[in-house]
$ cat data_11.pdb   # PDB, C-alpha atoms
ATOM      1  CA  MET A   1     -78.247  -1.497 -15.861  1.00  0.00           C
ATOM      2  CA  ILE A   2     -78.887   1.237 -13.335  1.00  0.00           C
ATOM      3  CA  LEU A   3     -82.431   2.319 -14.167  1.00  0.00           C
ATOM      4  CA  ALA A   4     -82.827   5.267 -11.824  1.00  0.00           C
ATOM      5  CA  VAL A   5     -81.027   7.473  -9.336  1.00  0.00           C
ATOM      6  CA  LEU A   6     -83.290   9.780  -7.344  1.00  0.00           C
ATOM      7  CA  PHE A   7     -82.661  12.238  -4.550  1.00  0.00           C
ATOM      8  CA  ALA A   8     -85.671  13.436  -2.578  1.00  0.00           C
ATOM      9  CA  ASN A   9     -86.218  15.529   0.526  1.00  0.00           C
ATOM     10  CA  SER A  10     -87.958  14.160   3.607  1.00  0.00           C
ATOM     11  CA  ASP A  11     -91.324  15.443   2.314  1.00  0.00           C
ATOM     12  CA  GLY A  12     -90.991  13.347  -0.839  1.00  0.00           C
ATOM     13  CA  ASN A  13     -90.176  16.153  -3.255  1.00  0.00           C
ATOM     14  CA  ILE A  14     -87.723  15.046  -5.941  1.00  0.00           C
ATOM     15  CA  LEU A  15     -84.500  17.073  -5.886  1.00  0.00           C
ATOM     16  CA  ILE A  16     -82.558  15.246  -8.635  1.00  0.00           C
ATOM     17  CA  GLU A  17     -83.539  12.351 -10.834  1.00  0.00           C
ATOM     18  CA  ARG A  18     -81.732  10.416 -13.527  1.00  0.00           C
ATOM     19  CA  PHE A  19     -83.523   7.679 -15.461  1.00  0.00           C
ATOM     20  CA  HIS A  20     -81.762   5.326 -17.860  1.00  0.00           C
ATOM     21  CA  GLY A  21     -83.795   3.113 -20.171  1.00  0.00           C
ATOM     22  CA  VAL A  22     -87.078   3.835 -18.375  1.00  0.00           C
ATOM     23  CA  PRO A  23     -89.922   4.926 -20.685  1.00  0.00           C
ATOM     24  CA  ALA A  24     -91.347   8.360 -19.906  1.00  0.00           C
ATOM     25  CA  GLU A  25     -94.770   6.922 -19.098  1.00  0.00           C
ATOM     26  CA  GLU A  26     -93.284   4.730 -16.334  1.00  0.00           C
ATOM     27  CA  ARG A  27     -91.276   7.461 -14.608  1.00  0.00           C
ATOM     28  CA  LEU A  28     -94.195   8.876 -12.635  1.00  0.00           C
ATOM     29  CA  HIS A  29     -94.922   5.400 -11.291  1.00  0.00           C
ATOM     30  CA  TRP A  30     -91.296   5.000 -10.174  1.00  0.00           C
ATOM     31  CA  ARG A  31     -91.183   8.432  -8.552  1.00  0.00           C
ATOM     32  CA  SER A  32     -94.300   7.818  -6.490  1.00  0.00           C
ATOM     33  CA  PHE A  33     -93.339   4.219  -5.668  1.00  0.00           C
ATOM     34  CA  LEU A  34     -89.859   5.171  -4.414  1.00  0.00           C
ATOM     35  CA  VAL A  35     -91.060   8.143  -2.371  1.00  0.00           C
ATOM     36  CA  LYS A  36     -93.764   5.978  -0.764  1.00  0.00           C
ATOM     37  CA  LEU A  37     -91.201   3.250  -0.059  1.00  0.00           C
ATOM     38  CA  GLY A  38     -88.922   5.769   1.630  1.00  0.00           C
ATOM     39  CA  SER A  39     -91.683   7.420   3.653  1.00  0.00           C
ATOM     40  CA  GLU A  40     -92.645   4.030   5.068  1.00  0.00           C
ATOM     41  CA  ASN A  41     -89.168   2.706   5.795  1.00  0.00           C
ATOM     42  CA  LEU A  42     -86.718   5.570   6.299  1.00  0.00           C
ATOM     43  CA  LYS A  43     -88.407   7.151   9.343  1.00  0.00           C
ATOM     44  CA  GLY A  44     -86.084   6.684  12.304  1.00  0.00           C
ATOM     45  CA  SER A  45     -83.420   5.169  10.072  1.00  0.00           C
ATOM     46  CA  LYS A  46     -79.765   5.879  10.820  1.00  0.00           C
ATOM     47  CA  ASN A  47     -77.792   8.088   8.461  1.00  0.00           C
ATOM     48  CA  GLU A  48     -76.442   6.012   5.537  1.00  0.00           C
ATOM     49  CA  GLU A  49     -78.103   2.811   6.751  1.00  0.00           C
ATOM     50  CA  LEU A  50     -78.859   0.836   3.588  1.00  0.00           C
ATOM     51  CA  HIS A  51     -82.342  -0.519   2.896  1.00  0.00           C
ATOM     52  CA  VAL A  52     -83.057  -3.067   0.181  1.00  0.00           C
ATOM     53  CA  ALA A  53     -86.253  -3.863  -1.710  1.00  0.00           C
ATOM     54  CA  SER A  54     -87.322  -5.469  -4.948  1.00  0.00           C
ATOM     55  CA  HIS A  55     -90.195  -4.553  -7.245  1.00  0.00           C
ATOM     56  CA  LYS A  56     -91.115  -6.472 -10.372  1.00  0.00           C
ATOM     57  CA  SER A  57     -87.737  -7.684 -11.706  1.00  0.00           C
ATOM     58  CA  VAL A  58     -85.571  -4.884 -10.295  1.00  0.00           C
ATOM     59  CA  SER A  59     -83.578  -4.282  -7.133  1.00  0.00           C
ATOM     60  CA  ILE A  60     -83.728  -1.096  -5.099  1.00  0.00           C
ATOM     61  CA  VAL A  61     -81.230   0.176  -2.551  1.00  0.00           C
ATOM     62  CA  TYR A  62     -82.023   3.350  -0.649  1.00  0.00           C
ATOM     63  CA  THR A  63     -80.743   5.375   2.275  1.00  0.00           C
ATOM     64  CA  THR A  64     -80.662   8.821   3.843  1.00  0.00           C
ATOM     65  CA  ILE A  65     -77.711  11.187   3.708  1.00  0.00           C
ATOM     66  CA  GLY A  66     -78.320  13.986   6.156  1.00  0.00           C
ATOM     67  CA  ASP A  67     -81.779  15.359   5.301  1.00  0.00           C
ATOM     68  CA  VAL A  68     -81.825  13.878   1.797  1.00  0.00           C
ATOM     69  CA  CYS A  69     -83.060  10.444   0.685  1.00  0.00           C
ATOM     70  CA  LEU A  70     -81.249   8.595  -2.094  1.00  0.00           C
ATOM     71  CA  TYR A  71     -82.805   5.786  -4.148  1.00  0.00           C
ATOM     72  CA  ILE A  72     -80.993   3.658  -6.719  1.00  0.00           C
ATOM     73  CA  VAL A  73     -82.847   1.166  -8.920  1.00  0.00           C
ATOM     74  CA  GLY A  74     -81.073  -1.492 -10.965  1.00  0.00           C
ATOM     75  CA  LYS A  75     -81.707  -4.676 -12.889  1.00  0.00           C
ATOM     76  CA  ASP A  76     -79.746  -7.579 -14.360  1.00  0.00           C
ATOM     77  CA  GLU A  77     -76.112  -7.322 -13.229  1.00  0.00           C
ATOM     78  CA  TYR A  78     -76.967  -4.461 -10.844  1.00  0.00           C
ATOM     79  CA  ASP A  79     -78.365  -6.561  -8.009  1.00  0.00           C
ATOM     80  CA  GLU A  80     -78.475  -5.470  -4.359  1.00  0.00           C
ATOM     81  CA  LEU A  81     -74.732  -5.955  -3.853  1.00  0.00           C
ATOM     82  CA  ALA A  82     -73.735  -3.990  -6.945  1.00  0.00           C
ATOM     83  CA  LEU A  83     -76.230  -1.238  -6.061  1.00  0.00           C
ATOM     84  CA  ALA A  84     -74.688  -1.011  -2.589  1.00  0.00           C
ATOM     85  CA  GLU A  85     -71.379  -0.169  -4.289  1.00  0.00           C
ATOM     86  CA  VAL A  86     -73.134   2.433  -6.454  1.00  0.00           C
ATOM     87  CA  ILE A  87     -74.862   4.025  -3.471  1.00  0.00           C
ATOM     88  CA  PHE A  88     -71.574   4.124  -1.559  1.00  0.00           C
ATOM     89  CA  ALA A  89     -69.861   5.920  -4.475  1.00  0.00           C
ATOM     90  CA  VAL A  90     -72.713   8.430  -4.816  1.00  0.00           C
ATOM     91  CA  THR A  91     -72.985   9.175  -1.072  1.00  0.00           C
ATOM     92  CA  SER A  92     -69.213   9.551  -0.848  1.00  0.00           C
ATOM     93  CA  ALA A  93     -69.219  12.059  -3.723  1.00  0.00           C
ATOM     94  CA  VAL A  94     -72.137  14.031  -2.236  1.00  0.00           C
ATOM     95  CA  LYS A  95     -70.485  14.236   1.184  1.00  0.00           C
ATOM     96  CA  ASP A  96     -67.232  15.294  -0.488  1.00  0.00           C
ATOM     97  CA  VAL A  97     -68.982  18.125  -2.363  1.00  0.00           C
ATOM     98  CA  CYS A  98     -70.972  19.253   0.681  1.00  0.00           C
ATOM     99  CA  GLY A  99     -68.219  18.671   3.255  1.00  0.00           C
ATOM    100  CA  LYS A 100     -70.653  16.764   5.487  1.00  0.00           C
ATOM    101  CA  PRO A 101     -73.970  14.908   5.269  1.00  0.00           C
ATOM    102  CA  PRO A 102     -76.129  17.604   3.649  1.00  0.00           C
ATOM    103  CA  THR A 103     -79.147  19.455   4.862  1.00  0.00           C
ATOM    104  CA  GLU A 104     -81.688  20.108   2.126  1.00  0.00           C
ATOM    105  CA  ARG A 105     -80.504  23.707   1.850  1.00  0.00           C
ATOM    106  CA  LEU A 106     -76.831  22.748   1.547  1.00  0.00           C
ATOM    107  CA  PHE A 107     -77.773  20.096  -1.029  1.00  0.00           C
ATOM    108  CA  LEU A 108     -79.611  22.680  -3.137  1.00  0.00           C
ATOM    109  CA  ASP A 109     -76.761  25.186  -2.733  1.00  0.00           C
ATOM    110  CA  LYS A 110     -74.364  22.584  -4.162  1.00  0.00           C
ATOM    111  CA  TYR A 111     -76.868  21.318  -6.750  1.00  0.00           C
ATOM    112  CA  GLY A 112     -74.686  21.939  -9.817  1.00  0.00           C
ATOM    113  CA  ARG A 113     -71.616  20.188  -8.442  1.00  0.00           C
ATOM    114  CA  ILE A 114     -73.733  17.272  -7.154  1.00  0.00           C
ATOM    115  CA  CYS A 115     -75.230  16.846 -10.642  1.00  0.00           C
ATOM    116  CA  LEU A 116     -71.727  16.799 -12.129  1.00  0.00           C
ATOM    117  CA  CYS A 117     -70.621  14.194  -9.558  1.00  0.00           C
ATOM    118  CA  LEU A 118     -73.655  12.071 -10.303  1.00  0.00           C
ATOM    119  CA  ASP A 119     -73.007  12.252 -14.052  1.00  0.00           C
ATOM    120  CA  GLU A 120     -69.365  11.227 -13.574  1.00  0.00           C
ATOM    121  CA  THR A 121     -70.306   8.370 -11.227  1.00  0.00           C
ATOM    122  CA  VAL A 122     -73.268   6.905 -13.141  1.00  0.00           C
ATOM    123  CA  TRP A 123     -73.162   7.335 -16.918  1.00  0.00           C
ATOM    124  CA  LYS A 124     -75.854   5.944 -19.245  1.00  0.00           C
ATOM    125  CA  GLY A 125     -76.981   3.405 -16.675  1.00  0.00           C
ATOM    126  CA  LEU A 126     -73.527   2.078 -15.789  1.00  0.00           C
ATOM    127  CA  LEU A 127     -71.263   2.696 -12.817  1.00  0.00           C
ATOM    128  CA  GLU A 128     -68.424   4.722 -14.313  1.00  0.00           C
ATOM    129  CA  ASN A 129     -66.200   6.107 -11.533  1.00  0.00           C
ATOM    130  CA  THR A 130     -66.077   5.021  -7.908  1.00  0.00           C
ATOM    131  CA  GLU A 131     -62.945   6.824  -6.692  1.00  0.00           C
ATOM    132  CA  LYS A 132     -63.873  10.159  -5.176  1.00  0.00           C
ATOM    133  CA  ASP A 133     -60.473  11.703  -5.991  1.00  0.00           C
ATOM    134  CA  ARG A 134     -60.980  10.896  -9.668  1.00  0.00           C
ATOM    135  CA  VAL A 135     -64.535  12.283  -9.590  1.00  0.00           C
ATOM    136  CA  ARG A 136     -63.235  15.428  -7.856  1.00  0.00           C
ATOM    137  CA  ARG A 137     -60.670  15.913 -10.651  1.00  0.00           C
ATOM    138  CA  LEU A 138     -63.256  15.316 -13.367  1.00  0.00           C
ATOM    139  CA  ILE A 139     -65.756  17.855 -12.032  1.00  0.00           C
ATOM    140  CA  ARG A 140     -63.357  20.726 -11.505  1.00  0.00           C
ATOM    141  CA  LEU A 141     -65.099  23.732 -12.930  1.00  0.00           C
ATOM    142  CA  LYS A 142     -62.532  25.546 -15.052  1.00  0.00           C
ATOM    143  CA  PRO A 143     -63.295  28.224 -17.599  1.00  0.00           C
ATOM    144  CA  PRO A 144     -62.580  27.273 -21.216  1.00  0.00           C
ATOM    145  CA  VAL A 145     -59.048  28.127 -22.301  1.00  0.00           C
ATOM    146  CA  GLU A 146     -58.375  29.788 -25.614  1.00  0.00           C
ATOM    147  CA  PRO A 147     -55.673  27.960 -27.651  1.00  0.00           C
TER
END
$ encode --input "data_11.pdb" --output "structure tokens"
Amino acid sequence: MILAVLFANSDGNILIERFHGVPAEERLHWRSFLVKLGSENLKGSKNEELHVASHKSVSIVYTTIGDVCLYIVGKDEYDELALAEVIFAVTSAVKDVCGKPPTERLFLDKYGRICLCLDETVWKGLLENTEKDRVRRLIRLKPPVEP
């Protein structure tokens, strides 16, 4: 299961978070742990260079996309290799929405569409859609049509 997907800025402020099956009392621990992990290891890192870690019985894959850090935490069948596929799908969708690796401002400007992409890509802790064309079709914002 994919336990968490977090986006943070370079200062460690959380921009988007999605937790699946993580008790509320543990979420603060995960937020601070992931931000600390990124602050120690992502400085000077290349854009979209994957980093891997493990903590307790879970795997963590994290990277930077433009000015934004992305962390994905998984357990059981979502080991480092599976999480690399998840992170690729998420970064691809974010770059598609933003048109390029995002600055923090561009990321926040496109916040709604990024949330929709994230929800179509990772649903209830499982990788749902990996094809960016399919995700693009699913997130089209159309007004409701009267029958």
$ resolve_selection --input "data_11.pdb" --expression "the PyMOL selection byres ((chain A and resi 107) around 10)" --output "PyMOL selection string"
chain A and resi 7+9+15+66-68+94-95+97-98+101-106+108-114
$ closest_residue --input "data_11.pdb" --among "A:Cys115, A:Ile16, A:Val73, A:Leu83" --to "Phe33 (chain A)" --atoms "only C-alpha atoms"
A:Val73
$ resolve_selection --input "data_11.pdb" --expression "the PyMOL selection byres ((chain A and resi 39) around 12)" --output "PyMOL selection string"
chain A and resi 8-13+32-38+40-45+62-64+68-71
$ atom_distance --input "data_11.pdb" --atom1 "CA of Leu28 (chain A)" --atom2 "CA of Thr91 (chain A)"
24.2 Å
$ atom_distance --input "data_11.pdb" --atom1 "CA of Lys75 (chain A)" --atom2 "CA of Thr130 (chain A)"
19.1 Å
$ closest_residue --input "data_11.pdb" --among "A:Val90, A:Ala24, A:Leu138, A:Leu6" --to "Thr121 (chain A)" --atoms "all atoms listed in the file"
A:Val90
$ decode --input "data_11.pdb" --residues "region 98-114 of chain A" --atoms "all heavy atoms" --output "PDB file, in the first residue's frame"
ATOM      1  N   CYS A  98       1.798  21.547 -15.276  1.00  0.00           N
ATOM      2  CA  CYS A  98       2.528  22.815 -15.173  1.00  0.00           C
ATOM      3  C   CYS A  98       3.208  23.217 -16.482  1.00  0.00           C
ATOM      4  O   CYS A  98       3.581  24.377 -16.657  1.00  0.00           O
ATOM      5  CB  CYS A  98       3.563  22.733 -14.060  1.00  0.00           C
ATOM      6  SG  CYS A  98       2.821  22.570 -12.424  1.00  0.00           S
ATOM      7  N   GLY A  99       3.441  22.273 -17.369  1.00  0.00           N
ATOM      8  CA  GLY A  99       4.122  22.556 -18.628  1.00  0.00           C
ATOM      9  C   GLY A  99       5.636  22.505 -18.517  1.00  0.00           C
ATOM     10  O   GLY A  99       6.334  22.605 -19.513  1.00  0.00           O
ATOM     11  N   LYS A 100       6.145  22.378 -17.301  1.00  0.00           N
ATOM     12  CA  LYS A 100       7.588  22.324 -17.056  1.00  0.00           C
ATOM     13  C   LYS A 100       7.783  21.942 -15.593  1.00  0.00           C
ATOM     14  O   LYS A 100       6.813  21.916 -14.828  1.00  0.00           O
ATOM     15  CB  LYS A 100       8.239  23.677 -17.349  1.00  0.00           C
ATOM     16  CG  LYS A 100       7.703  24.816 -16.491  1.00  0.00           C
ATOM     17  CD  LYS A 100       8.333  26.134 -16.824  1.00  0.00           C
ATOM     18  CE  LYS A 100       7.746  27.238 -15.938  1.00  0.00           C
ATOM     19  NZ  LYS A 100       8.341  28.519 -16.178  1.00  0.00           N
ATOM     20  N   PRO A 101       9.016  21.656 -15.177  1.00  0.00           N
ATOM     21  CA  PRO A 101       9.234  21.445 -13.738  1.00  0.00           C
ATOM     22  C   PRO A 101       8.836  22.716 -12.980  1.00  0.00           C
ATOM     23  O   PRO A 101       9.276  23.808 -13.324  1.00  0.00           O
ATOM     24  CB  PRO A 101      10.743  21.180 -13.638  1.00  0.00           C
ATOM     25  CG  PRO A 101      11.121  20.659 -14.985  1.00  0.00           C
ATOM     26  CD  PRO A 101      10.224  21.383 -15.956  1.00  0.00           C
ATOM     27  N   PRO A 102       7.954  22.600 -11.991  1.00  0.00           N
ATOM     28  CA  PRO A 102       7.326  23.792 -11.412  1.00  0.00           C
ATOM     29  C   PRO A 102       8.181  24.547 -10.401  1.00  0.00           C
ATOM     30  O   PRO A 102       8.946  23.965  -9.651  1.00  0.00           O
ATOM     31  CB  PRO A 102       6.097  23.211 -10.711  1.00  0.00           C
ATOM     32  CG  PRO A 102       6.530  21.842 -10.309  1.00  0.00           C
ATOM     33  CD  PRO A 102       7.432  21.369 -11.418  1.00  0.00           C
ATOM     34  N   THR A 103       8.006  25.853 -10.420  1.00  0.00           N
ATOM     35  CA  THR A 103       8.443  26.673  -9.301  1.00  0.00           C
ATOM     36  C   THR A 103       7.360  26.529  -8.230  1.00  0.00           C
ATOM     37  O   THR A 103       6.265  26.017  -8.518  1.00  0.00           O
ATOM     38  CB  THR A 103       8.557  28.151  -9.696  1.00  0.00           C
ATOM     39  OG1 THR A 103       7.251  28.599 -10.112  1.00  0.00           O
ATOM     40  CG2 THR A 103       9.555  28.364 -10.831  1.00  0.00           C
ATOM     41  N   GLU A 104       7.632  26.976  -7.034  1.00  0.00           N
ATOM     42  CA  GLU A 104       6.616  26.880  -5.986  1.00  0.00           C
ATOM     43  C   GLU A 104       5.371  27.673  -6.363  1.00  0.00           C
ATOM     44  O   GLU A 104       4.245  27.218  -6.174  1.00  0.00           O
ATOM     45  CB  GLU A 104       7.176  27.376  -4.655  1.00  0.00           C
ATOM     46  CG  GLU A 104       6.193  27.210  -3.517  1.00  0.00           C
ATOM     47  CD  GLU A 104       6.736  27.696  -2.186  1.00  0.00           C
ATOM     48  OE1 GLU A 104       7.928  28.026  -2.083  1.00  0.00           O
ATOM     49  OE2 GLU A 104       5.943  27.743  -1.230  1.00  0.00           O
ATOM     50  N   ARG A 105       5.568  28.835  -6.940  1.00  0.00           N
ATOM     51  CA  ARG A 105       4.427  29.675  -7.337  1.00  0.00           C
ATOM     52  C   ARG A 105       3.576  29.004  -8.401  1.00  0.00           C
ATOM     53  O   ARG A 105       2.346  28.986  -8.316  1.00  0.00           O
ATOM     54  CB  ARG A 105       4.932  31.031  -7.824  1.00  0.00           C
ATOM     55  CG  ARG A 105       3.813  31.946  -8.244  1.00  0.00           C
ATOM     56  CD  ARG A 105       4.341  33.275  -8.756  1.00  0.00           C
ATOM     57  NE  ARG A 105       3.269  34.073  -9.267  1.00  0.00           N
ATOM     58  CZ  ARG A 105       2.671  35.027  -8.577  1.00  0.00           C
ATOM     59  NH1 ARG A 105       3.049  35.289  -7.349  1.00  0.00           N
ATOM     60  NH2 ARG A 105       1.681  35.710  -9.101  1.00  0.00           N
ATOM     61  N   LEU A 106       4.219  28.453  -9.431  1.00  0.00           N
ATOM     62  CA  LEU A 106       3.484  27.761 -10.492  1.00  0.00           C
ATOM     63  C   LEU A 106       2.745  26.545  -9.905  1.00  0.00           C
ATOM     64  O   LEU A 106       1.597  26.281 -10.260  1.00  0.00           O
ATOM     65  CB  LEU A 106       4.444  27.317 -11.605  1.00  0.00           C
ATOM     66  CG  LEU A 106       3.836  26.552 -12.779  1.00  0.00           C
ATOM     67  CD1 LEU A 106       2.751  27.368 -13.462  1.00  0.00           C
ATOM     68  CD2 LEU A 106       4.924  26.159 -13.771  1.00  0.00           C
ATOM     69  N   PHE A 107       3.399  25.831  -9.016  1.00  0.00           N
ATOM     70  CA  PHE A 107       2.775  24.674  -8.363  1.00  0.00           C
ATOM     71  C   PHE A 107       1.500  25.103  -7.634  1.00  0.00           C
ATOM     72  O   PHE A 107       0.460  24.456  -7.752  1.00  0.00           O
ATOM     73  CB  PHE A 107       3.764  24.038  -7.388  1.00  0.00           C
ATOM     74  CG  PHE A 107       3.282  22.756  -6.773  1.00  0.00           C
ATOM     75  CD1 PHE A 107       3.537  21.545  -7.385  1.00  0.00           C
ATOM     76  CD2 PHE A 107       2.574  22.766  -5.581  1.00  0.00           C
ATOM     77  CE1 PHE A 107       3.099  20.354  -6.821  1.00  0.00           C
ATOM     78  CE2 PHE A 107       2.133  21.585  -5.009  1.00  0.00           C
ATOM     79  CZ  PHE A 107       2.395  20.374  -5.629  1.00  0.00           C
ATOM     80  N   LEU A 108       1.575  26.192  -6.873  1.00  0.00           N
ATOM     81  CA  LEU A 108       0.407  26.656  -6.134  1.00  0.00           C
ATOM     82  C   LEU A 108      -0.667  27.217  -7.062  1.00  0.00           C
ATOM     83  O   LEU A 108      -1.863  27.089  -6.776  1.00  0.00           O
ATOM     84  CB  LEU A 108       0.823  27.685  -5.084  1.00  0.00           C
ATOM     85  CG  LEU A 108       1.673  27.106  -3.947  1.00  0.00           C
ATOM     86  CD1 LEU A 108       2.192  28.214  -3.045  1.00  0.00           C
ATOM     87  CD2 LEU A 108       0.914  26.057  -3.155  1.00  0.00           C
ATOM     88  N   ASP A 109      -0.252  27.825  -8.177  1.00  0.00           N
ATOM     89  CA  ASP A 109      -1.229  28.304  -9.162  1.00  0.00           C
ATOM     90  C   ASP A 109      -2.012  27.144  -9.768  1.00  0.00           C
ATOM     91  O   ASP A 109      -3.182  27.278 -10.101  1.00  0.00           O
ATOM     92  CB  ASP A 109      -0.540  29.090 -10.286  1.00  0.00           C
ATOM     93  CG  ASP A 109      -0.085  30.476  -9.839  1.00  0.00           C
ATOM     94  OD1 ASP A 109      -0.542  30.945  -8.768  1.00  0.00           O
ATOM     95  OD2 ASP A 109       0.728  31.085 -10.556  1.00  0.00           O
ATOM     96  N   LYS A 110      -1.378  26.012  -9.925  1.00  0.00           N
ATOM     97  CA  LYS A 110      -2.005  24.833 -10.544  1.00  0.00           C
ATOM     98  C   LYS A 110      -2.456  23.816  -9.490  1.00  0.00           C
ATOM     99  O   LYS A 110      -2.702  22.657  -9.806  1.00  0.00           O
ATOM    100  CB  LYS A 110      -1.006  24.150 -11.495  1.00  0.00           C
ATOM    101  CG  LYS A 110      -0.469  25.043 -12.584  1.00  0.00           C
ATOM    102  CD  LYS A 110      -1.512  25.285 -13.631  1.00  0.00           C
ATOM    103  CE  LYS A 110      -0.906  26.069 -14.800  1.00  0.00           C
ATOM    104  NZ  LYS A 110      -1.854  26.265 -15.863  1.00  0.00           N
ATOM    105  N   TYR A 111      -2.582  24.256  -8.254  1.00  0.00           N
ATOM    106  CA  TYR A 111      -2.866  23.378  -7.121  1.00  0.00           C
ATOM    107  C   TYR A 111      -4.071  22.456  -7.363  1.00  0.00           C
ATOM    108  O   TYR A 111      -3.989  21.245  -7.137  1.00  0.00           O
ATOM    109  CB  TYR A 111      -3.094  24.236  -5.869  1.00  0.00           C
ATOM    110  CG  TYR A 111      -3.391  23.455  -4.627  1.00  0.00           C
ATOM    111  CD1 TYR A 111      -2.359  22.941  -3.860  1.00  0.00           C
ATOM    112  CD2 TYR A 111      -4.702  23.222  -4.208  1.00  0.00           C
ATOM    113  CE1 TYR A 111      -2.615  22.220  -2.708  1.00  0.00           C
ATOM    114  CE2 TYR A 111      -4.960  22.496  -3.064  1.00  0.00           C
ATOM    115  CZ  TYR A 111      -3.918  22.000  -2.316  1.00  0.00           C
ATOM    116  OH  TYR A 111      -4.177  21.276  -1.188  1.00  0.00           O
ATOM    117  N   GLY A 112      -5.169  23.002  -7.811  1.00  0.00           N
ATOM    118  CA  GLY A 112      -6.389  22.215  -8.008  1.00  0.00           C
ATOM    119  C   GLY A 112      -6.196  21.087  -9.010  1.00  0.00           C
ATOM    120  O   GLY A 112      -6.586  19.938  -8.757  1.00  0.00           O
ATOM    121  N   ARG A 113      -5.592  21.409 -10.139  1.00  0.00           N
ATOM    122  CA  ARG A 113      -5.384  20.382 -11.172  1.00  0.00           C
ATOM    123  C   ARG A 113      -4.356  19.347 -10.708  1.00  0.00           C
ATOM    124  O   ARG A 113      -4.483  18.170 -11.025  1.00  0.00           O
ATOM    125  CB  ARG A 113      -4.967  21.025 -12.483  1.00  0.00           C
ATOM    126  CG  ARG A 113      -6.118  21.823 -13.104  1.00  0.00           C
ATOM    127  CD  ARG A 113      -5.786  22.366 -14.467  1.00  0.00           C
ATOM    128  NE  ARG A 113      -5.530  21.342 -15.444  1.00  0.00           N
ATOM    129  CZ  ARG A 113      -6.464  20.777 -16.223  1.00  0.00           C
ATOM    130  NH1 ARG A 113      -7.706  21.136 -16.097  1.00  0.00           N
ATOM    131  NH2 ARG A 113      -6.132  19.874 -17.115  1.00  0.00           N
ATOM    132  N   ILE A 114      -3.353  19.768  -9.946  1.00  0.00           N
ATOM    133  CA  ILE A 114      -2.361  18.817  -9.424  1.00  0.00           C
ATOM    134  C   ILE A 114      -3.041  17.861  -8.442  1.00  0.00           C
ATOM    135  O   ILE A 114      -2.781  16.652  -8.473  1.00  0.00           O
ATOM    136  CB  ILE A 114      -1.170  19.554  -8.787  1.00  0.00           C
ATOM    137  CG1 ILE A 114      -0.357  20.255  -9.882  1.00  0.00           C
ATOM    138  CG2 ILE A 114      -0.291  18.596  -7.998  1.00  0.00           C
ATOM    139  CD1 ILE A 114       0.710  21.193  -9.373  1.00  0.00           C
TER     140      ILE A 114
END
